[in-house]
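Asker: Contents of structure27.cif (mmCIF, C-alpha atoms, pLDDT in the B column; chains and numbers go by the auth columns) are below:
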data_input
loop_
_atom_site.group_PDB
_atom_site.id
_atom_site.type_symbol
_atom_site.label_atom_id
_atom_site.label_comp_id
_atom_site.label_asym_id
_atom_site.label_seq_id
_atom_site.Cartn_x
_atom_site.Cartn_y
_atom_site.Cartn_z
_atom_site.B_iso_or_equiv
_atom_site.auth_seq_id
_atom_site.auth_asym_id
ATOM 1 C CA MET A 1 -22.096 2.233 36.425 69.00 1 A
ATOM 2 C CA GLY A 2 -21.642 5.911 37.195 84.00 2 A
ATOM 3 C CA LEU A 3 -20.291 8.635 34.998 91.00 3 A
ATOM 4 C CA VAL A 4 -16.519 8.427 34.577 91.00 4 A
ATOM 5 C CA ARG A 5 -14.661 11.699 34.166 92.00 5 A
ATOM 6 C CA TYR A 6 -11.308 12.027 32.507 90.00 6 A
ATOM 7 C CA ARG A 7 -8.877 14.665 33.707 91.00 7 A
ATOM 8 C CA PRO A 8 -5.684 14.628 31.670 91.00 8 A
ATOM 9 C CA ASN A 9 -2.371 15.087 33.358 94.00 9 A
ATOM 10 C CA ARG A 10 -1.338 18.116 31.309 92.00 10 A
ATOM 11 C CA ARG A 11 2.332 17.936 32.203 93.00 11 A
ATOM 12 C CA GLY A 12 2.401 14.240 31.288 93.00 12 A
ATOM 13 C CA VAL A 13 0.678 14.884 27.952 92.00 13 A
ATOM 14 C CA ARG A 14 3.095 17.726 27.191 90.00 14 A
ATOM 15 C CA ASP A 15 6.066 15.523 28.085 92.00 15 A
ATOM 16 C CA LEU A 16 4.711 12.730 25.889 92.00 16 A
ATOM 17 C CA LEU A 17 4.188 15.031 22.882 92.00 17 A
ATOM 18 C CA SER A 18 7.789 16.232 23.091 93.00 18 A
ATOM 19 C CA SER A 19 9.439 12.914 23.980 94.00 19 A
ATOM 20 C CA PRO A 20 12.361 11.549 21.944 94.00 20 A
ATOM 21 C CA GLY A 21 10.304 8.462 21.070 95.00 21 A
ATOM 22 C CA VAL A 22 7.581 10.564 19.436 95.00 22 A
ATOM 23 C CA VAL A 23 10.189 12.613 17.564 95.00 23 A
ATOM 24 C CA ALA A 24 11.858 9.409 16.309 95.00 24 A
ATOM 25 C CA ASP A 25 8.509 7.922 15.226 95.00 25 A
ATOM 26 C CA LEU A 26 7.584 11.086 13.326 95.00 26 A
ATOM 27 C CA ALA A 27 11.025 11.161 11.678 96.00 27 A
ATOM 28 C CA GLU A 28 10.624 7.568 10.488 96.00 28 A
ATOM 29 C CA ARG A 29 7.125 8.188 9.143 96.00 29 A
ATOM 30 C CA ALA A 30 8.186 11.407 7.418 96.00 30 A
ATOM 31 C CA GLY A 31 11.106 9.552 5.838 96.00 31 A
ATOM 32 C CA ARG A 32 8.732 6.965 4.368 96.00 32 A
ATOM 33 C CA VAL A 33 6.475 9.729 3.013 96.00 33 A
ATOM 34 C CA ALA A 34 9.477 11.523 1.492 96.00 34 A
ATOM 35 C CA ALA A 35 10.708 8.328 -0.183 95.00 35 A
ATOM 36 C CA ALA A 36 7.263 7.655 -1.667 95.00 36 A
ATOM 37 C CA ALA A 37 6.943 11.270 -2.852 94.00 37 A
ATOM 38 C CA GLN A 38 10.416 11.189 -4.407 93.00 38 A
ATOM 39 C CA ALA A 39 9.440 8.024 -6.284 92.00 39 A
ATOM 40 C CA GLU A 40 6.313 9.810 -7.591 90.00 40 A
ATOM 41 C CA TYR A 41 8.358 12.806 -8.735 89.00 41 A
ATOM 42 C CA THR A 42 10.954 10.522 -10.364 88.00 42 A
ATOM 43 C CA ALA A 43 8.295 8.514 -12.216 88.00 43 A
ATOM 44 C CA ARG A 44 6.715 11.689 -13.648 85.00 44 A
ATOM 45 C CA PRO A 45 9.278 14.501 -13.457 82.00 45 A
ATOM 46 C CA PRO A 46 8.313 18.152 -13.881 74.00 46 A
ATOM 47 C CA HIS A 47 8.924 19.945 -17.162 73.00 47 A
ATOM 48 C CA SER A 48 12.247 21.332 -15.967 79.00 48 A
ATOM 49 C CA GLY A 49 14.662 20.565 -13.172 81.00 49 A
ATOM 50 C CA GLN A 50 14.588 18.067 -10.354 85.00 50 A
ATOM 51 C CA VAL A 51 12.281 18.079 -7.368 87.00 51 A
ATOM 52 C CA GLU A 52 14.133 17.841 -4.065 90.00 52 A
ATOM 53 C CA VAL A 53 12.035 16.289 -1.298 93.00 53 A
ATOM 54 C CA ILE A 54 13.300 17.157 2.177 94.00 54 A
ATOM 55 C CA VAL A 55 12.256 16.132 5.674 96.00 55 A
ATOM 56 C CA ASP A 56 12.224 18.613 8.545 95.00 56 A
ATOM 57 C CA VAL A 57 11.722 17.114 12.023 95.00 57 A
ATOM 58 C CA GLY A 58 11.945 18.879 15.357 94.00 58 A
ATOM 59 C CA LEU A 59 10.069 20.528 18.190 92.00 59 A
ATOM 60 C CA GLU A 60 7.732 23.486 17.748 92.00 60 A
ATOM 61 C CA PRO A 61 9.418 26.490 19.357 89.00 61 A
ATOM 62 C CA GLN A 62 6.320 27.786 21.146 88.00 62 A
ATOM 63 C CA SER A 63 4.518 24.615 22.223 87.00 63 A
ATOM 64 C CA GLY A 64 7.463 22.209 22.396 89.00 64 A
ATOM 65 C CA ARG A 65 5.466 19.549 20.525 93.00 65 A
ATOM 66 C CA ALA A 66 7.166 17.166 18.149 95.00 66 A
ATOM 67 C CA ARG A 67 6.467 17.821 14.480 95.00 67 A
ATOM 68 C CA ALA A 68 7.569 16.642 11.056 96.00 68 A
ATOM 69 C CA ALA A 69 7.225 18.175 7.600 95.00 69 A
ATOM 70 C CA VAL A 70 7.873 16.755 4.139 96.00 70 A
ATOM 71 C CA ILE A 71 8.626 19.551 1.686 95.00 71 A
ATOM 72 C CA ALA A 72 8.965 19.463 -2.097 93.00 72 A
ATOM 73 C CA LYS A 73 11.467 22.115 -3.200 91.00 73 A
ATOM 74 C CA HIS A 74 10.772 23.126 -6.784 89.00 74 A
ATOM 75 C CA PRO A 75 9.342 26.322 -8.306 89.00 75 A
ATOM 76 C CA GLY A 76 6.442 24.336 -9.750 86.00 76 A
ATOM 77 C CA ALA A 77 5.730 22.217 -6.657 88.00 77 A
ATOM 78 C CA LEU A 78 2.312 23.780 -5.950 90.00 78 A
ATOM 79 C CA PRO A 79 0.911 23.331 -9.479 89.00 79 A
ATOM 80 C CA ILE A 80 2.338 19.797 -9.619 89.00 80 A
ATOM 81 C CA GLU A 81 0.656 18.987 -6.286 90.00 81 A
ATOM 82 C CA ALA A 82 -2.626 20.463 -7.511 91.00 82 A
ATOM 83 C CA ASP A 83 -2.461 18.417 -10.718 91.00 83 A
ATOM 84 C CA ARG A 84 -1.015 15.042 -9.670 90.00 84 A
ATOM 85 C CA ARG A 85 -0.909 15.098 -5.829 92.00 85 A
ATOM 86 C CA PRO A 86 2.450 13.325 -5.349 92.00 86 A
ATOM 87 C CA LEU A 87 2.760 14.449 -1.720 93.00 87 A
ATOM 88 C CA GLY A 88 -0.905 13.812 -0.916 92.00 88 A
ATOM 89 C CA LYS A 89 -0.749 10.304 -2.349 92.00 89 A
ATOM 90 C CA SER A 90 2.434 9.615 -0.415 94.00 90 A
ATOM 91 C CA MET A 91 0.768 10.184 2.968 93.00 91 A
ATOM 92 C CA ASP A 92 -0.367 6.545 3.045 92.00 92 A
ATOM 93 C CA ALA A 93 3.299 5.598 3.496 92.00 93 A
ATOM 94 C CA ALA A 94 3.132 7.088 7.017 91.00 94 A
ATOM 95 C CA ARG A 95 0.754 4.378 8.190 90.00 95 A
ATOM 96 C CA ASP A 96 2.097 1.416 10.133 74.00 96 A
#
When written as structure tokens, how does the structure in this file appear?
Answerer:
Amino acid sequence: MGLVRYRPNRRGVRDLLSSPGVVADLAERAGRVAAAAQAEYTARPPHSGQVEVIVDVGLEPQSGRARAAVIAKHPGALPIEADRRPLGKSMDAARD
């Protein structure tokens, strides 16, 4: 069999990466990650205050690609992540 070359349809790939279905899938996965992270923060709260875990889903302004972010809002979120990794451990919740 001869060499098979792949030439992507760039417009089709771009349309796929910004499609409503991809945005919805990312929103669902990010929601599961946020719920798992919130459970981690609730089980072992920080020394002071509550950690608010938010989900931000949308399209990148420059590329138009779908994206999702799970953000822990707390002044000590970075040291908590470095010590216990509640967000990092919660990434498994994004799997199917």
Asker: When you count only C-alpha atoms, which of these residues is closest to Ala68 in chain A: A:Ala82, A:Val13, A:Ala34, A:Leu3?
Answerer: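 Counting only C-alpha atoms, the residue closest to Ala68 in chain A is A:Ala34.
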Asker: Report as a short mmCIF file (atom, residue, chain, number, x, y, z; two decimals) with C-alpha atoms, in the coordinates of the input the residues that result from applying the PyMOL selection byres ((chain A and resi 69) around 9) to the structure here.
Answerer:
data_model
loop_
_atom_site.label_atom_id
_atom_site.label_comp_id
_atom_site.auth_asym_id
_atom_site.auth_seq_id
_atom_site.Cartn_x
_atom_site.Cartn_y
_atom_site.Cartn_z
CA ALA A 27 11.02 11.16 11.68
CA ALA A 30 8.19 11.41 7.42
CA ILE A 54 13.30 17.16 2.18
CA VAL A 55 12.26 16.13 5.67
CA ASP A 56 12.22 18.61 8.54
CA VAL A 57 11.72 17.11 12.02
CA ARG A 67 6.47 17.82 14.48
CA ALA A 68 7.57 16.64 11.06
CA VAL A 70 7.87 16.76 4.14
CA ILE A 71 8.63 19.55 1.69
#
Asker: For a cut-off of 12 Å around (6.3, 21.9, 19.4), file coordinates, pick out all residues using all atoms listed in the file and list them as JSON, numbers by chain.
Answerer: {"A": [14, 15, 16, 17, 18, 19, 22, 23, 57, 58, 59, 60, 61, 62, 63, 64, 65, 66, 67, 68]}
Asker: Quick one, how far is CA of Gly21 in chain A from CA of Ser90 in chain A?
Answerer: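 A separation of 22.9 Å between them.
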Asker: Mind listing whatever residues come within 10 Å of the point (6.8, 23.2, -10.9)? Use only C-alpha atoms, file coordinates, and give them as an mmCIF file with C-alpha atoms, keeping the file's coordinate frame.
Answerer:
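Dumped everything to selection-v7.cif:
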data_model
loop_
_atom_site.group_PDB
_atom_site.id
_atom_site.type_symbol
_atom_site.label_atom_id
_atom_site.label_comp_id
_atom_site.auth_asym_id
_atom_site.auth_seq_id
_atom_site.Cartn_x
_atom_site.Cartn_y
_atom_site.Cartn_z
ATOM 1 C CA PRO A 45 9.278 14.501 -13.457
ATOM 2 C CA PRO A 46 8.313 18.152 -13.881
ATOM 3 C CA HIS A 47 8.924 19.945 -17.162
ATOM 4 C CA SER A 48 12.247 21.332 -15.967
ATOM 5 C CA GLY A 49 14.662 20.565 -13.172
ATOM 6 C CA GLN A 50 14.588 18.067 -10.354
ATOM 7 C CA VAL A 51 12.281 18.079 -7.368
ATOM 8 C CA ALA A 72 8.965 19.463 -2.097
ATOM 9 C CA LYS A 73 11.467 22.115 -3.200
ATOM 10 C CA HIS A 74 10.772 23.126 -6.784
ATOM 11 C CA PRO A 75 9.342 26.322 -8.306
ATOM 12 C CA GLY A 76 6.442 24.336 -9.750
ATOM 13 C CA ALA A 77 5.730 22.217 -6.657
ATOM 14 C CA LEU A 78 2.312 23.780 -5.950
ATOM 15 C CA PRO A 79 0.911 23.331 -9.479
ATOM 16 C CA ILE A 80 2.338 19.797 -9.619
ATOM 17 C CA GLU A 81 0.656 18.987 -6.286
#
Asker: Quick one: distance from CA of Pro20 in chain A to CA of Ala93 in chain A in Å, one decimal?
Answerer: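 The value is 21.4 Å.
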Asker: Calculate how many Å separate CA of Glu28 in chain A from CA of Glu40 in chain A, rounding to one decimal.
Answerer: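 Spanning CA of Glu28 in chain A to CA of Glu40 in chain A is a straight-line distance of 18.7 Å.
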Asker: To verify the selection step, state as a ChimeraX atom specification which residues the PyMOL selection byres ((chain A and resi 95) around 12) yields on this input.
Answerer: /A:25-26,28-33,90-94,96
Asker: Let me make sure I understand: among A:Ala24, A:Tyr6, A:Arg11, A:Ala36, which one has the smallest atom-to-atom distance to Arg85 in chain A if we use all atoms listed in the file?
Answerer: A:Ala36
Asker: Quick one: of A:Gly2, A:Glu52, A:Pro8, A:Ala37, who's nearest to Gly88 in chain A, counting all atoms listed in the file?
Answerer: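 The shortest atom-to-atom distance to Gly88 in chain A comes from A:Ala37.
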Asker: Calculate, to one decimal in Å, the centre and edge lengths of the box along x, y and z of the file that holds all listed atoms of range 29-36 of chain A with 3 Å of margin on each side, and present them as lines of an AutoDock Vina configuration file.
Answerer:
center_x = 8.8
center_y = 9.2
center_z = 3.7
size_x = 10.6
size_y = 10.6
size_z = 16.8
